[in-house]
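To be precise, the following lines are my_file.cif, and they hold mmCIF, C-alpha atoms, pLDDT in the B column; chains and numbers go by the auth columns.
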data_coords
#
loop_
_atom_site.group_PDB
_atom_site.id
_atom_site.type_symbol
_atom_site.label_atom_id
_atom_site.label_comp_id
_atom_site.label_asym_id
_atom_site.label_seq_id
_atom_site.Cartn_x
_atom_site.Cartn_y
_atom_site.Cartn_z
_atom_site.B_iso_or_equiv
_atom_site.auth_seq_id
_atom_site.auth_asym_id
ATOM 1 C CA MET A 1 112.046 97.676 107.989 47.00 1 U
ATOM 2 C CA VAL A 2 110.116 100.470 106.345 58.00 2 U
ATOM 3 C CA ASN A 3 112.279 102.778 104.275 81.00 3 U
ATOM 4 C CA ARG A 4 110.945 106.178 105.381 86.00 4 U
ATOM 5 C CA GLU A 5 112.838 108.132 102.725 89.00 5 U
ATOM 6 C CA ALA A 6 111.436 105.958 99.930 87.00 6 U
ATOM 7 C CA ALA A 7 107.949 106.194 101.414 87.00 7 U
ATOM 8 C CA ASN A 8 108.219 109.995 101.586 92.00 8 U
ATOM 9 C CA ALA A 9 109.379 110.147 97.963 92.00 9 U
ATOM 10 C CA ALA A 10 106.519 107.876 96.870 89.00 10 U
ATOM 11 C CA THR A 11 104.031 110.066 98.729 91.00 11 U
ATOM 12 C CA SER A 12 105.443 113.137 97.011 95.00 12 U
ATOM 13 C CA ALA A 13 105.178 111.359 93.655 93.00 13 U
ATOM 14 C CA ALA A 14 101.525 110.613 94.393 92.00 14 U
ATOM 15 C CA VAL A 15 100.829 114.242 95.308 95.00 15 U
ATOM 16 C CA ALA A 16 102.478 115.372 92.077 96.00 16 U
ATOM 17 C CA LEU A 17 100.353 112.878 90.146 94.00 17 U
ATOM 18 C CA PHE A 18 97.183 114.261 91.766 95.00 18 U
ATOM 19 C CA ALA A 19 98.258 117.807 90.899 97.00 19 U
ATOM 20 C CA PHE A 20 98.810 116.666 87.305 96.00 20 U
ATOM 21 C CA ALA A 21 95.322 115.157 87.219 95.00 21 U
ATOM 22 C CA GLY A 22 93.841 118.355 88.619 96.00 22 U
ATOM 23 C CA GLY A 23 95.568 120.400 85.938 97.00 23 U
ATOM 24 C CA VAL A 24 94.339 118.115 83.197 97.00 24 U
ATOM 25 C CA LEU A 25 90.790 118.201 84.576 96.00 25 U
ATOM 26 C CA ALA A 26 90.739 121.954 84.033 96.00 26 U
ATOM 27 C CA PHE A 27 90.936 121.315 80.274 97.00 27 U
ATOM 28 C CA ILE A 28 88.198 118.672 80.108 96.00 28 U
ATOM 29 C CA PRO A 29 84.881 119.810 78.556 94.00 29 U
ATOM 30 C CA PRO A 30 82.843 120.701 81.641 92.00 30 U
ATOM 31 C CA TRP A 31 85.539 123.176 82.748 94.00 31 U
ATOM 32 C CA VAL A 32 87.420 123.998 79.546 96.00 32 U
ATOM 33 C CA ASP A 33 85.343 127.100 78.785 95.00 33 U
ATOM 34 C CA ASP A 34 86.057 128.598 82.203 94.00 34 U
ATOM 35 C CA THR A 35 89.743 127.680 81.960 95.00 35 U
ATOM 36 C CA THR A 36 90.321 129.095 78.489 95.00 36 U
ATOM 37 C CA ALA A 37 88.223 132.231 79.128 96.00 37 U
ATOM 38 C CA SER A 38 91.104 133.625 81.183 95.00 38 U
ATOM 39 C CA PRO A 39 94.613 133.438 79.693 96.00 39 U
ATOM 40 C CA LEU A 40 96.129 133.599 83.170 97.00 40 U
ATOM 41 C CA ARG A 41 94.049 130.631 84.315 96.00 41 U
ATOM 42 C CA ALA A 42 95.024 128.627 81.226 97.00 42 U
ATOM 43 C CA ILE A 43 98.704 129.453 81.761 97.00 43 U
ATOM 44 C CA PHE A 44 98.438 128.552 85.437 97.00 44 U
ATOM 45 C CA PHE A 45 96.932 125.127 84.760 97.00 45 U
ATOM 46 C CA GLY A 46 99.424 124.546 81.953 97.00 46 U
ATOM 47 C CA LEU A 47 102.272 125.258 84.357 98.00 47 U
ATOM 48 C CA VAL A 48 100.684 122.977 86.959 98.00 48 U
ATOM 49 C CA ILE A 49 100.624 120.180 84.392 97.00 49 U
ATOM 50 C CA ALA A 50 104.223 120.753 83.277 98.00 50 U
ATOM 51 C CA VAL A 51 105.745 121.112 86.741 98.00 51 U
ATOM 52 C CA SER A 52 103.804 118.257 88.341 97.00 52 U
ATOM 53 C CA PHE A 53 104.658 115.954 85.418 96.00 53 U
ATOM 54 C CA VAL A 54 108.373 116.551 85.910 97.00 54 U
ATOM 55 C CA LEU A 55 108.185 116.390 89.701 97.00 55 U
ATOM 56 C CA HIS A 56 106.342 113.078 89.571 95.00 56 U
ATOM 57 C CA PHE A 57 109.259 111.466 87.762 95.00 57 U
ATOM 58 C CA VAL A 58 111.856 113.171 89.933 96.00 58 U
ATOM 59 C CA TYR A 59 110.214 111.791 93.080 95.00 59 U
ATOM 60 C CA LEU A 60 109.828 108.408 91.410 91.00 60 U
ATOM 61 C CA ALA A 61 113.564 108.372 90.702 93.00 61 U
ATOM 62 C CA ILE A 62 114.328 109.342 94.301 94.00 62 U
ATOM 63 C CA ALA A 63 112.115 106.525 95.613 90.00 63 U
ATOM 64 C CA ALA A 64 113.753 104.004 93.297 87.00 64 U
ATOM 65 C CA ARG A 65 117.224 105.091 94.344 91.00 65 U
ATOM 66 C CA LYS A 66 116.326 104.907 98.056 89.00 66 U
ATOM 67 C CA LEU A 67 115.119 101.350 97.476 85.00 67 U
ATOM 68 C CA GLY A 68 118.433 100.438 95.847 87.00 68 U
ATOM 69 C CA ARG A 69 117.070 100.219 92.309 87.00 69 U
ATOM 70 C CA ARG A 70 118.258 101.896 89.131 89.00 70 U
ATOM 71 C CA ALA A 71 116.340 105.138 88.816 89.00 71 U
ATOM 72 C CA VAL A 72 116.811 105.561 85.055 93.00 72 U
ATOM 73 C CA GLY A 73 115.141 102.260 84.211 88.00 73 U
ATOM 74 C CA TRP A 74 112.162 102.943 86.448 86.00 74 U
ATOM 75 C CA VAL A 75 111.678 106.459 85.101 89.00 75 U
ATOM 76 C CA ILE A 76 111.837 105.253 81.484 91.00 76 U
ATOM 77 C CA LEU A 77 109.339 102.504 82.254 88.00 77 U
ATOM 78 C CA ALA A 78 107.026 105.001 83.959 88.00 78 U
ATOM 79 C CA LEU A 79 107.304 107.436 81.035 91.00 79 U
ATOM 80 C CA LEU A 80 106.399 104.755 78.520 92.00 80 U
ATOM 81 C CA THR A 81 103.390 103.559 80.488 91.00 81 U
ATOM 82 C CA PHE A 82 102.228 106.855 82.005 89.00 82 U
ATOM 83 C CA PRO A 83 99.826 107.276 83.862 85.00 83 U
ATOM 84 C CA ILE A 84 98.560 103.720 84.361 90.00 84 U
ATOM 85 C CA ALA A 85 101.845 102.260 85.587 85.00 85 U
ATOM 86 C CA SER A 86 102.376 105.215 87.913 83.00 86 U
ATOM 87 C CA ILE A 87 99.009 104.679 89.553 85.00 87 U
ATOM 88 C CA VAL A 88 99.426 100.913 89.835 86.00 88 U
ATOM 89 C CA GLY A 89 103.018 101.254 91.042 79.00 89 U
ATOM 90 C CA LEU A 90 102.131 103.723 93.765 80.00 90 U
ATOM 91 C CA ILE A 91 99.267 101.492 94.925 82.00 91 U
ATOM 92 C CA LEU A 92 101.531 98.440 95.042 80.00 92 U
ATOM 93 C CA PHE A 93 104.260 100.396 96.804 77.00 93 U
ATOM 94 C CA GLY A 94 101.780 101.555 99.438 74.00 94 U
ATOM 95 C CA ALA A 95 100.444 98.033 99.902 74.00 95 U
ATOM 96 C CA GLY A 96 103.953 96.648 100.292 71.00 96 U
ATOM 97 C CA GLN A 97 104.880 99.295 102.838 66.00 97 U
ATOM 98 C CA SER A 98 101.753 98.653 104.932 64.00 98 U
ATOM 99 C CA GLU A 99 102.358 94.876 104.872 66.00 99 U
ATOM 100 C CA ARG A 100 105.918 95.389 106.064 65.00 100 U
ATOM 101 C CA SER A 101 104.836 97.656 108.905 63.00 101 U
ATOM 102 C CA GLN A 102 102.088 95.192 109.949 65.00 102 U
ATOM 103 C CA ALA A 103 104.514 92.267 109.884 66.00 103 U
ATOM 104 C CA ARG A 104 106.962 94.210 111.984 67.00 104 U
ATOM 105 C CA ALA A 105 104.309 95.272 114.494 66.00 105 U
ATOM 106 C CA GLY A 106 102.626 91.887 114.754 61.00 106 U
#
This structure in structure tokens:
Amino acid sequence: MVNREAANAATSAAVALFAFAGGVLAFIPPWVDDTTASPLRAIFFGLVIAVSFVLHFVYLAIAARKLGRRAVGWVILALLTFPIASIVGLILFGAGQSERSQARAG
């Protein structure tokens, strides 16, 4: 059975990770001059990075708890291996959810 609440939390974690990546991209050389030219734009992207970083781990903890796992351990592991483990984990979670739904349907 697909755990809808865990899937929703994992989707939210992925969206937060994409928002984090978008905020970081604003400070990479092709766009850094435009970003830092306006203090409001720099503050905005800095806030996007900070808020999305925290939200990613909050949603990760929610997904872990909905799956019956210890949230603290998963969040610490994700913090230590960020962002690679987050990306790989979300991909594996999505693959596992689609396999379960296919097995149930077929």
**Item:** Selected residue of minimal separation from Phe18 in chain U among U:Ala95, U:Ile62, U:Ile87, U:Leu80, counting only C-alpha atoms
**Value:** U:Ile87
Around the point (111.3, 107.3, 86.6) (coordinates from the file), which residues reach within 9 Å if we count all atoms listed in the file? Answer as a PDB file with C-alpha atoms, in the frame of the given file.
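Now in result_5.pdb:
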ATOM      1  CA  HIS U  56     106.342 113.078  89.571  1.00 95.00           C
ATOM      2  CA  PHE U  57     109.259 111.466  87.762  1.00 95.00           C
ATOM      3  CA  VAL U  58     111.856 113.171  89.933  1.00 96.00           C
ATOM      4  CA  TYR U  59     110.214 111.791  93.080  1.00 95.00           C
ATOM      5  CA  LEU U  60     109.828 108.408  91.410  1.00 91.00           C
ATOM      6  CA  ALA U  61     113.564 108.372  90.702  1.00 93.00           C
ATOM      7  CA  ILE U  62     114.328 109.342  94.301  1.00 94.00           C
ATOM      8  CA  ALA U  64     113.753 104.004  93.297  1.00 87.00           C
ATOM      9  CA  ALA U  71     116.340 105.138  88.816  1.00 89.00           C
ATOM     10  CA  VAL U  72     116.811 105.561  85.055  1.00 93.00           C
ATOM     11  CA  GLY U  73     115.141 102.260  84.211  1.00 88.00           C
ATOM     12  CA  TRP U  74     112.162 102.943  86.448  1.00 86.00           C
ATOM     13  CA  VAL U  75     111.678 106.459  85.101  1.00 89.00           C
ATOM     14  CA  ILE U  76     111.837 105.253  81.484  1.00 91.00           C
ATOM     15  CA  LEU U  77     109.339 102.504  82.254  1.00 88.00           C
ATOM     16  CA  ALA U  78     107.026 105.001  83.959  1.00 88.00           C
ATOM     17  CA  LEU U  79     107.304 107.436  81.035  1.00 91.00           C
TER      18      LEU U  79
END
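Residue nearest Ser52 in chain U within the list U:Ile84, U:Ala14, U:Ile91, U:Ala6: U:Ala14 [criterion: smallest interatomic distance, all atoms listed in the file].
When CA of Phe20 in chain U is paired with CA of Leu40 in chain U, their separation reads 17.6 Å.
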**Long-range neighbours of range 33-35 of chain U as a PyMOL selection string, 12 Å cut-off, only C-alpha atoms, 6 positions minimum in chain** = chain U and resi 23-27+41-46
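Using all atoms listed in the file, the shortest contact distance between Pro83 in chain U and any of U:Ser38, U:Gly22, U:Glu5, U:Phe53 is found at U:Phe53.
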**Request:** Using all atoms listed in the file, find the one residue out of U:Val88, U:Val54, U:Ile49, U:Ala63 that sits nearest to Ala10 in chain U.
**Result:** U:Ala63
Just add N, CA and C atoms to range 26-54 of chain U and send it as a compact mmCIF listing (two decimals), in the frame of the given file.
# COMPACT_ATOMS: atom_id res chain seq x y z
N ALA U 26 91.14 120.59 84.38
CA ALA U 26 90.74 121.95 84.03
C ALA U 26 90.50 122.11 82.53
N PHE U 27 91.08 121.23 81.73
CA PHE U 27 90.94 121.32 80.27
C PHE U 27 89.95 120.30 79.70
N ILE U 28 89.20 119.63 80.56
CA ILE U 28 88.20 118.67 80.11
C ILE U 28 86.87 119.42 79.93
N PRO U 29 86.05 119.03 78.95
CA PRO U 29 84.88 119.81 78.56
C PRO U 29 84.03 120.48 79.62
N PRO U 30 83.69 119.91 80.74
CA PRO U 30 82.84 120.70 81.64
C PRO U 30 83.51 122.00 82.13
N TRP U 31 84.84 122.02 82.20
CA TRP U 31 85.54 123.18 82.75
C TRP U 31 86.40 123.91 81.73
N VAL U 32 86.50 123.41 80.52
CA VAL U 32 87.42 124.00 79.55
C VAL U 32 87.04 125.43 79.19
N ASP U 33 85.76 125.73 79.12
CA ASP U 33 85.34 127.10 78.78
C ASP U 33 85.78 128.09 79.86
N ASP U 34 85.62 127.72 81.12
CA ASP U 34 86.06 128.60 82.20
C ASP U 34 87.58 128.75 82.21
N THR U 35 88.28 127.65 81.93
CA THR U 35 89.74 127.68 81.96
C THR U 35 90.30 128.54 80.83
N THR U 36 89.78 128.36 79.63
CA THR U 36 90.32 129.10 78.49
C THR U 36 89.77 130.51 78.37
N ALA U 37 88.75 130.86 79.16
CA ALA U 37 88.22 132.23 79.13
C ALA U 37 89.25 133.23 79.68
N SER U 38 90.07 132.77 80.60
CA SER U 38 91.10 133.62 81.18
C SER U 38 92.48 133.10 80.78
N PRO U 39 93.27 133.89 80.07
CA PRO U 39 94.61 133.44 79.69
C PRO U 39 95.48 133.12 80.91
N LEU U 40 95.33 133.88 81.97
CA LEU U 40 96.13 133.60 83.17
C LEU U 40 95.76 132.25 83.78
N ARG U 41 94.49 131.92 83.79
CA ARG U 41 94.05 130.63 84.32
C ARG U 41 94.57 129.49 83.45
N ALA U 42 94.52 129.66 82.13
CA ALA U 42 95.02 128.63 81.23
C ALA U 42 96.53 128.44 81.40
N ILE U 43 97.26 129.55 81.54
CA ILE U 43 98.70 129.45 81.76
C ILE U 43 98.99 128.79 83.10
N PHE U 44 98.24 129.15 84.12
CA PHE U 44 98.44 128.55 85.44
C PHE U 44 98.27 127.04 85.38
N PHE U 45 97.16 126.58 84.81
CA PHE U 45 96.93 125.13 84.76
C PHE U 45 97.93 124.43 83.84
N GLY U 46 98.38 125.11 82.80
CA GLY U 46 99.42 124.55 81.95
C GLY U 46 100.73 124.38 82.71
N LEU U 47 101.07 125.37 83.52
CA LEU U 47 102.27 125.26 84.36
C LEU U 47 102.13 124.18 85.41
N VAL U 48 100.93 124.05 85.98
CA VAL U 48 100.68 122.98 86.96
C VAL U 48 100.93 121.62 86.31
N ILE U 49 100.43 121.45 85.10
CA ILE U 49 100.62 120.18 84.39
C ILE U 49 102.11 119.93 84.14
N ALA U 50 102.80 120.93 83.62
CA ALA U 50 104.22 120.75 83.28
C ALA U 50 105.08 120.47 84.51
N VAL U 51 104.91 121.26 85.55
CA VAL U 51 105.74 121.11 86.74
C VAL U 51 105.42 119.81 87.47
N SER U 52 104.15 119.49 87.62
CA SER U 52 103.80 118.26 88.34
C SER U 52 104.22 117.01 87.57
N PHE U 53 104.20 117.08 86.24
CA PHE U 53 104.66 115.95 85.42
C PHE U 53 106.13 115.67 85.68
N VAL U 54 106.93 116.71 85.67
CA VAL U 54 108.37 116.55 85.91
C VAL U 54 108.63 116.11 87.35
